[in-house]
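Chemist: What follows is a structure written as structure tokens; I'll ask about it next.
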Protein chains: 2
Amino acid sequence: MEPAPRVPVSALPAHAGSRVEIAGWLYNRRSSGKIHFLQVRDGTGVVQAVVGKGDVPPDLFERCETLAQETSLIVRGVVRADARAPLGVEIGADSVEVVQIAEPYPLGKKEHGPDFLLTQRHLWLRSRKPWAVLRVRDSVIRAIRDFFHKEGFLCVDAPVFTPAACEGTTTLFGVDYFDLGKAYLTQSGQLYSEAAAMAHGKVYCFGPVFRAERSKTRRHLTEFWMVEPEAAFYTLNDVMSLAERFLEAVVARTLEERREELKILERDPVPLERVRAPFPRISYDEAVEKIRSAGGAIEWGEDFGSPQETALSASYDRPVMVHRYPAQVKAFYMKRDPSDARVALCVDVLAPEGVGEIIGGSQREDDLEALLGRVREHKLPQEAFEWYLDLRRYGSVPHGGFGLGLERTVGWICGLEHVREAIPFPRMMYRIVP
Amino acid sequence: MEPAPRVPVSALPAHAGSRVEIAGWLYNRRSSGKIHFLQVRDGTGVVQAVVGKGDVPPDLFERCETLAQETSLIVRGVVRADARAPLGVEIGADSVEVVQIAEPYPLGKKEHGPDFLLTQRHLWLRSRKPWAVLRVRDSVIRAIRDFFHKEGFLCVDAPVFTPAACEGTTTLFGVDYFDLGKAYLTQSGQLYSEAAAMAHGKVYCFGPVFRAERSKTRRHLTEFWMVEPEAAFYTLNDVMSLAERFLEAVVARTLEERREELKILERDPVPLERVRAPFPRISYDEAVEKIRSAGGAIEWGEDFGSPQETALSASYDRPVMVHRYPAQVKAFYMKRDPSDARVALCVDVLAPEGVGEIIGGSQREDDLEALLGRVREHKLPQEAFEWYLDLRRYGSVPHGGFGLGLERTVGWICGLEHVREAIPFPRMMYRIVP
């Protein structure tokens with residue numbers, strides 16, 4: 001028989017009527033005595049290959065009966081329309097070439113506990129839901145990068161090794177760094193993004209960051225990816241408008257590219273379709289009122305915890321932006337509101353459906369003396385921050401930006417219970433393998 | 001006067017004849033008594049603002065005389081054609097608003113030593129050449145990601161924290177990881193990419209990797225970015241073809257987007273324009289012959305050092321692919337050539353102009369018993385590799401991929417002496433600040 005072109009499963013509909021070859025893994029199999037139905041996955045999708053008795057040599061037909069799950073194989077045959085198939089096509093196989101017979105696969109049809117699945121993460125990735133999640137993640141990453149490029153932001157990567165902490169030192173991972181003592185793994189690239197913004201105007205960094213928190217909630221990873229845009233001459237209002245455009249664009253792009261994956265995840269797309277600008281903007285003061293009138297307990301000056309964030313976001317059908325928190329619960333580098341020195345020019349964006357904070361941003365303190373005062377108040381080692389203070393000595397300008405955690409965002413879009421499923425190989429307090 | 005729209009310097013040519021506002025920093029200044037020429041940079045470019053006596057209030061005109069370099073300011077005026085200007089336009093200023101008067105700027109016109117410049121990296125980024133390099137880097141990053149997306153590769157990030165080493169343990173950074181003992185910072189995401197390729201067919205990871213090498217050459221950083229594609233059902237030939245298409249696309253895209261930046265860097269674009277497929281492919285054996293006939297000393301079985309790589313690449317006008325090195329100098333996971341067990345199915349791509357290796361790739365060992373043998377030969381702890389061996393137990397397939405170091409590539413494209421200039425905040429054996 002003439003050679004058949006190798007085609008990805010996702011491209012099969014365009015080859016209806018032609019003979020092709022697919023290469024992948026046996027995902028599932030059932031037999032009716034006279035026909036084997038082989039579900040074959042190749043990473044781009046799953047297709048059913050139908051092997052009829054008489055379509056292949058008798059010994060091969062018999063062998064199909066015994067093929068173990070995840071056996072690798074190459075199937076050849078004619079692509080034909082099948083209205084019942086998700087792709088709209090199946091393959092009438094005339095050749096099944098086994099590449100390797102799989103050993104008995106540890107991830108069967110039965111339910112497995114989360115710890116077992118995490119230990120088998122290298123295999124679990126092949127299952128339908130993790131597969132769909134990582135495809136969504138890929139879209140979110142590209143949407144983020146494309147958005148910033150179109151908005152004129154340059155990608156300027158921040159370093160992972162840092163000599164000092166951005167926010168406190170208790171949750172830092174330390175590394176012995178040659179003869180220079182300890183280096184610390186970055187928790188945020190923001191201070192570096194600020195330096196880069198003074199060179200390029202608008203920049204973003206997007207890479208892994210690290211938090212050594214002894215925390216076991218469904219919202220914590222010790223290693224996660226964060227994107228941090230920063231722009232010169234941006235005020236708090238500019239930061240909020242950017243965050244709004246940004247989330248709208250990222251969610252819209254994901255809906256555009258990954259409808260099928262969201263279906264696999266049983267994620268209702270309707271709440272995502274509502275993520276359209278403008279988002280409601282309320283002050284911390286207004287938020288406190290709202291929490292209280294809903295029966296929640298909060299004193300002015302306290303930060304919001306998960307229960308408060310959930311209560312707040314529950315009253316909106318799209319992300320809500322809470323601005324001007326008490327300065328005392330926020331980072332040293334945030335600029336105070338000139339009209340109320342008790343509050344910082346900052347914003348948290350809370351995702352709907354009880355997800356909570358996914359973006360934290362602010363206008364930065366651009367006055368040297370004020371920033372020096374904050375460094376002292378927070379008892380930070382001034383020497384380590386001299387380079388950062390330099391940004392206020394040599395052409396200081398109003399500027400601001402925000403940080404968005406990738407895994408929380410992917411978790412929200414996919415409707416996941418735990419952020420650990422939003423990253424290929426999650427790292428947590430008790431999890432470092434595989 | 002009516003409010004003028006804020007315009008990025010790079011967009012000024014489209015506003016010729018209109019009154020606009022630009023916000024940035026004073027890059028340079030000269031005066032003729034009756035006119036001040038202010039060079040203003042805003043991150044997107046540099047433009048000359050011409051301030052004539054009588055065009056602004058007398059006190060402002062006098063103040064312009066004293067403005068220090070890097071002073072932040074907002075200039076308003078009419079955009080007018082000027083054939084001598086790089087952008088083709090200048091601004092006839094009628095308003096100069098000073099945001100902050102800069103302190104005396106440490107980076108003057110005079111030459112500075114590399115150590116001083118690295119200590120001032122947060123400010124040095126504003127200088128013309130570092131500015132141009134990071135714009136090239138941004139294009140290279142986007143070109144890489146767009147290429148793989150178009151080729152059907154999914155971005156699947158590898159973890160930074162790893163329990164075991166990909167290639168030896170002597171050059172690893174260790175971290176105390178809660179109660180789990182030591183974790184190590186990744187040197188390569190490849191093993192994880194292999195697992196992901198079995199789930200998604202074609203994947204890539206692209207993130208920072210770490211090498212604790214006590215090395216001070218112009219080609220070494222302790223922290224750098226690496227992109228690592230991996231594809232199921234890829235043979236060595238597929239890997240070579242991918243590397244060829246990939247480099248061609250990345251260089252072409254950069255030339256398309258960053259001609260002006262390469263001019264600033266005084267980089268001759270002609271050698272880059274020659275980076276077109278097909279690239280010459282020679283075996284290690286042929287390479288040894290070439291080195292010897294050029295008078296170089298090399299024994300069969302030795303790896304190439306910088307001098308050999310330089311000699312080899314000197315005879316080609318584009319990247320050269322050297323395949324099938326002796327297995328003894330290559331990593332344990334590479335597949336042996338079935339027709340010559342002494343050599344591995346691997347390829348190094350050497351960039352021209354004496355740059356040397358920028359890509360290393362291979363077909364991976366897909367046979368469980370052969371891979372187990374290599375793990376034992378290399379005295380690797382088998383238990384730590386069980387998850388990796390699983391990929392050969394459950395549907396093993398031929399597969400392969402490569403790694404490309406981002407900074408070496410940016411350094412080559414920009415024509416830099418040292419890779420430390422190809423990353424925003426370089427980390428080296430003696431450098432962890434700022």
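Ordering of the structure tokens sets the chain letters (A, B, ...), residue numbers begin anew at 1 in every chain, and ligands are numbered from 1 in the order given.
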Tell me, which residues of segment 289-335 of chain B carry DSSP alpha helix (DSSP H), written as a PyMOL selection string?
Modeler: chain B and resi 289-293+306-314
Chemist: Keeping N, CA and C atoms, export the residues of the selection given above as a JSON list (two decimals), in the first residue's frame.
Modeler:
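What follows is the written file result.json:
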[["chain", "number", "residue", "atom", "x", "y", "z"],
["B", 289, "GLU", "N", 38.30, 15.27, 11.23],
["B", 289, "GLU", "CA", 39.14, 15.38, 10.02],
["B", 289, "GLU", "C", 39.43, 16.83, 9.67],
["B", 290, "LYS", "N", 38.38, 17.64, 9.71],
["B", 290, "LYS", "CA", 38.49, 19.05, 9.37],
["B", 290, "LYS", "C", 39.44, 19.79, 10.31],
["B", 291, "ILE", "N", 39.28, 19.51, 11.61],
["B", 291, "ILE", "CA", 40.12, 20.18, 12.60],
["B", 291, "ILE", "C", 41.58, 19.80, 12.38],
["B", 292, "ARG", "N", 41.80, 18.49, 12.16],
["B", 292, "ARG", "CA", 43.17, 18.02, 11.94],
["B", 292, "ARG", "C", 43.77, 18.62, 10.68],
["B", 293, "SER", "N", 42.98, 18.65, 9.61],
["B", 293, "SER", "CA", 43.56, 19.14, 8.35],
["B", 293, "SER", "C", 43.79, 20.65, 8.41],
["B", 306, "SER", "N", 36.39, 25.31, 23.00],
["B", 306, "SER", "CA", 36.16, 26.53, 22.25],
["B", 306, "SER", "C", 37.07, 26.67, 21.03],
["B", 307, "PRO", "N", 38.37, 26.36, 21.14],
["B", 307, "PRO", "CA", 39.24, 26.54, 19.96],
["B", 307, "PRO", "C", 38.79, 25.66, 18.79],
["B", 308, "GLN", "N", 38.42, 24.41, 19.08],
["B", 308, "GLN", "CA", 37.98, 23.52, 17.99],
["B", 308, "GLN", "C", 36.66, 24.01, 17.39],
["B", 309, "GLU", "N", 35.75, 24.45, 18.25],
["B", 309, "GLU", "CA", 34.47, 24.93, 17.74],
["B", 309, "GLU", "C", 34.67, 26.15, 16.86],
["B", 310, "THR", "N", 35.54, 27.05, 17.29],
["B", 310, "THR", "CA", 35.81, 28.25, 16.52],
["B", 310, "THR", "C", 36.41, 27.88, 15.17],
["B", 311, "ALA", "N", 37.38, 26.96, 15.19],
["B", 311, "ALA", "CA", 38.01, 26.52, 13.94],
["B", 311, "ALA", "C", 36.98, 25.92, 13.00],
["B", 312, "LEU", "N", 36.11, 25.10, 13.55],
["B", 312, "LEU", "CA", 35.10, 24.43, 12.72],
["B", 312, "LEU", "C", 34.14, 25.43, 12.10],
["B", 313, "SER", "N", 33.61, 26.32, 12.95],
["B", 313, "SER", "CA", 32.57, 27.22, 12.46],
["B", 313, "SER", "C", 33.16, 28.25, 11.51],
["B", 314, "ALA", "N", 34.48, 28.46, 11.57],
["B", 314, "ALA", "CA", 35.11, 29.47, 10.71],
["B", 314, "ALA", "C", 35.00, 29.11, 9.23]]
Chemist: With only C-alpha atoms as the counted atoms, please give the residues lying no more than 12 Å from Ile358 of chain B, apart from itself and same-chain residues fewer than 2 positions off, as a PyMOL selection string.
Modeler: chain B and resi 219+226-227+243+247+306+309+313+319-322+347-352+354-356+360-361+402-413+419
Chemist: Using only C-alpha atoms, find each residue of segment 2-88 of chain A with at least one atom at most 12 Å away from an atom of segment 132-151 of chain A; report its shortest atom-to-atom pair and that distance in Å (one decimal), sort the rows by chain and rising residue number, and return the result as CSV.
Modeler:
residue,atom,partner,partner_atom,distance
A:Gly43,CA,A:Arg135,CA,10.2
A:Thr44,CA,A:Arg135,CA,9.7
A:Gly45,CA,A:Ala132,CA,10.1
Chemist: Counting only C-alpha atoms, figure out which residue out of B:Ala49, B:Pro57, B:Gly77, B:Leu236 gets nearest to Val20 of chain B.
Modeler: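 Closest residue, counting only C-alpha atoms: B:Gly77.
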Chemist: Write out as a ChimeraX atom specification each polymer residue whose atoms come within 9 Å of Lys129 of chain B, counting only C-alpha atoms; drop sequence neighbours fewer than 6 positions from it.
Modeler: /B:261,264-265
Chemist: Which residues come within 10 Å of Glu97 of chain A, counting only C-alpha atoms, excluding same-chain residues fewer than 2 positions away, as a ChimeraX atom specification?
Modeler: /A:23,60,72-76,95,99-100
Chemist: If you keep N, CA and C atoms, can you produce a file of those selected residues as a short mmCIF file (atom, residue, chain, number, x, y, z; two decimals), in the first residue's frame?
Modeler:
data_model
loop_
_atom_site.label_atom_id
_atom_site.label_comp_id
_atom_site.auth_asym_id
_atom_site.auth_seq_id
_atom_site.Cartn_x
_atom_site.Cartn_y
_atom_site.Cartn_z
N ALA A 23 0.20 8.60 15.02
CA ALA A 23 1.14 7.99 15.95
C ALA A 23 0.80 8.46 17.34
N LEU A 60 -2.84 -9.98 13.84
CA LEU A 60 -2.88 -8.60 14.33
C LEU A 60 -4.24 -8.32 14.96
N SER A 72 2.12 2.28 22.93
CA SER A 72 2.37 3.23 21.84
C SER A 72 2.20 2.51 20.50
N LEU A 73 1.58 3.20 19.55
CA LEU A 73 1.30 2.54 18.27
C LEU A 73 1.16 3.54 17.13
N ILE A 74 1.27 2.99 15.93
CA ILE A 74 1.07 3.77 14.72
C ILE A 74 -0.08 3.11 13.96
N VAL A 75 -1.11 3.88 13.70
CA VAL A 75 -2.30 3.36 13.03
C VAL A 75 -2.42 4.02 11.66
N ARG A 76 -2.74 3.20 10.66
CA ARG A 76 -2.96 3.74 9.33
C ARG A 76 -4.35 3.35 8.86
N SER A 95 -4.05 -0.91 9.28
CA SER A 95 -2.72 -1.27 9.77
C SER A 95 -2.55 -0.73 11.19
N VAL A 99 4.39 0.02 18.74
CA VAL A 99 5.75 0.53 19.01
C VAL A 99 6.29 -0.09 20.29
N GLN A 100 5.52 0.00 21.36
CA GLN A 100 5.92 -0.67 22.62
C GLN A 100 4.67 -1.05 23.39
#
Chemist: Pick out the residues sitting within 6 Å of Phe161 of chain B, and hand them over as number ranges by chain; count only C-alpha atoms, and ignore anything fewer than 5 positions along from it in its own chain.
Modeler: B: 183-185
Chemist: Taking only C-alpha atoms into account, produce a table as CSV in which each residue of chain B with an atom at most 7 Å from an atom of chain A appears once, together with its shortest atom pair and the distance in Å to one decimal, ordered by chain and rising number.
Modeler:
residue,atom,partner,partner_atom,distance
B:Trp25,CA,A:Gly395,CA,6.5
B:Asp42,CA,A:Gly201,CA,6.0
B:Gly43,CA,A:His200,CA,3.6
B:Thr44,CA,A:His200,CA,6.3
B:Glu70,CA,A:Gly395,CA,5.2
B:Thr71,CA,A:Gly395,CA,4.4
B:Ser72,CA,A:Gly395,CA,4.4
B:Val99,CA,A:Val397,CA,6.6
B:Gln100,CA,A:Gly395,CA,5.5
B:Ile101,CA,A:Gly395,CA,6.3
B:Ala102,CA,A:Tyr394,CA,4.4
B:Glu103,CA,A:Tyr394,CA,5.8
B:Tyr105,CA,A:Tyr394,CA,6.7
B:His122,CA,A:Ala195,CA,5.5
B:Leu125,CA,A:Ala199,CA,5.9
B:Arg126,CA,A:Ala199,CA,4.3
B:Trp131,CA,A:Ala199,CA,7.0
B:Asp138,CA,A:Cys155,CA,5.4
B:Leu154,CA,A:Asp138,CA,6.3
B:Cys155,CA,A:Asp138,CA,5.4
B:Val156,CA,A:Pro424,CA,6.5
B:Asp157,CA,A:Pro424,CA,6.5
B:Ala158,CA,A:Phe425,CA,6.8
B:Pro159,CA,A:Phe425,CA,6.0
B:Phe161,CA,A:Ile432,CA,7.0
B:Thr162,CA,A:Ile432,CA,6.5
B:Pro163,CA,A:Ile432,CA,6.3
B:Phe173,CA,A:Val175,CA,6.7
B:Gly174,CA,A:Val175,CA,6.2
B:Val175,CA,A:Val175,CA,5.4
B:Phe178,CA,A:Met429,CA,6.5
B:Ala195,CA,A:His122,CA,5.5
B:Ala196,CA,A:Leu125,CA,6.9
B:Ala199,CA,A:Arg126,CA,4.3
B:His200,CA,A:Gly43,CA,3.6
B:Gly201,CA,A:Gly43,CA,4.5
B:Gly207,CA,A:Gly207,CA,6.9
B:Trp387,CA,A:Pro434,CA,6.6
B:Arg393,CA,A:Glu103,CA,5.8
B:Tyr394,CA,A:Ala102,CA,4.3
B:Gly395,CA,A:Ser72,CA,4.4
B:Ser396,CA,A:Gln100,CA,5.9
B:Val397,CA,A:Ser72,CA,6.6
B:Pro424,CA,A:Asp157,CA,6.4
B:Phe425,CA,A:Pro159,CA,6.0
B:Met429,CA,A:Phe178,CA,6.5
B:Ile432,CA,A:Pro163,CA,6.3
B:Val433,CA,A:Pro163,CA,6.4
B:Pro434,CA,A:Trp387,CA,6.5
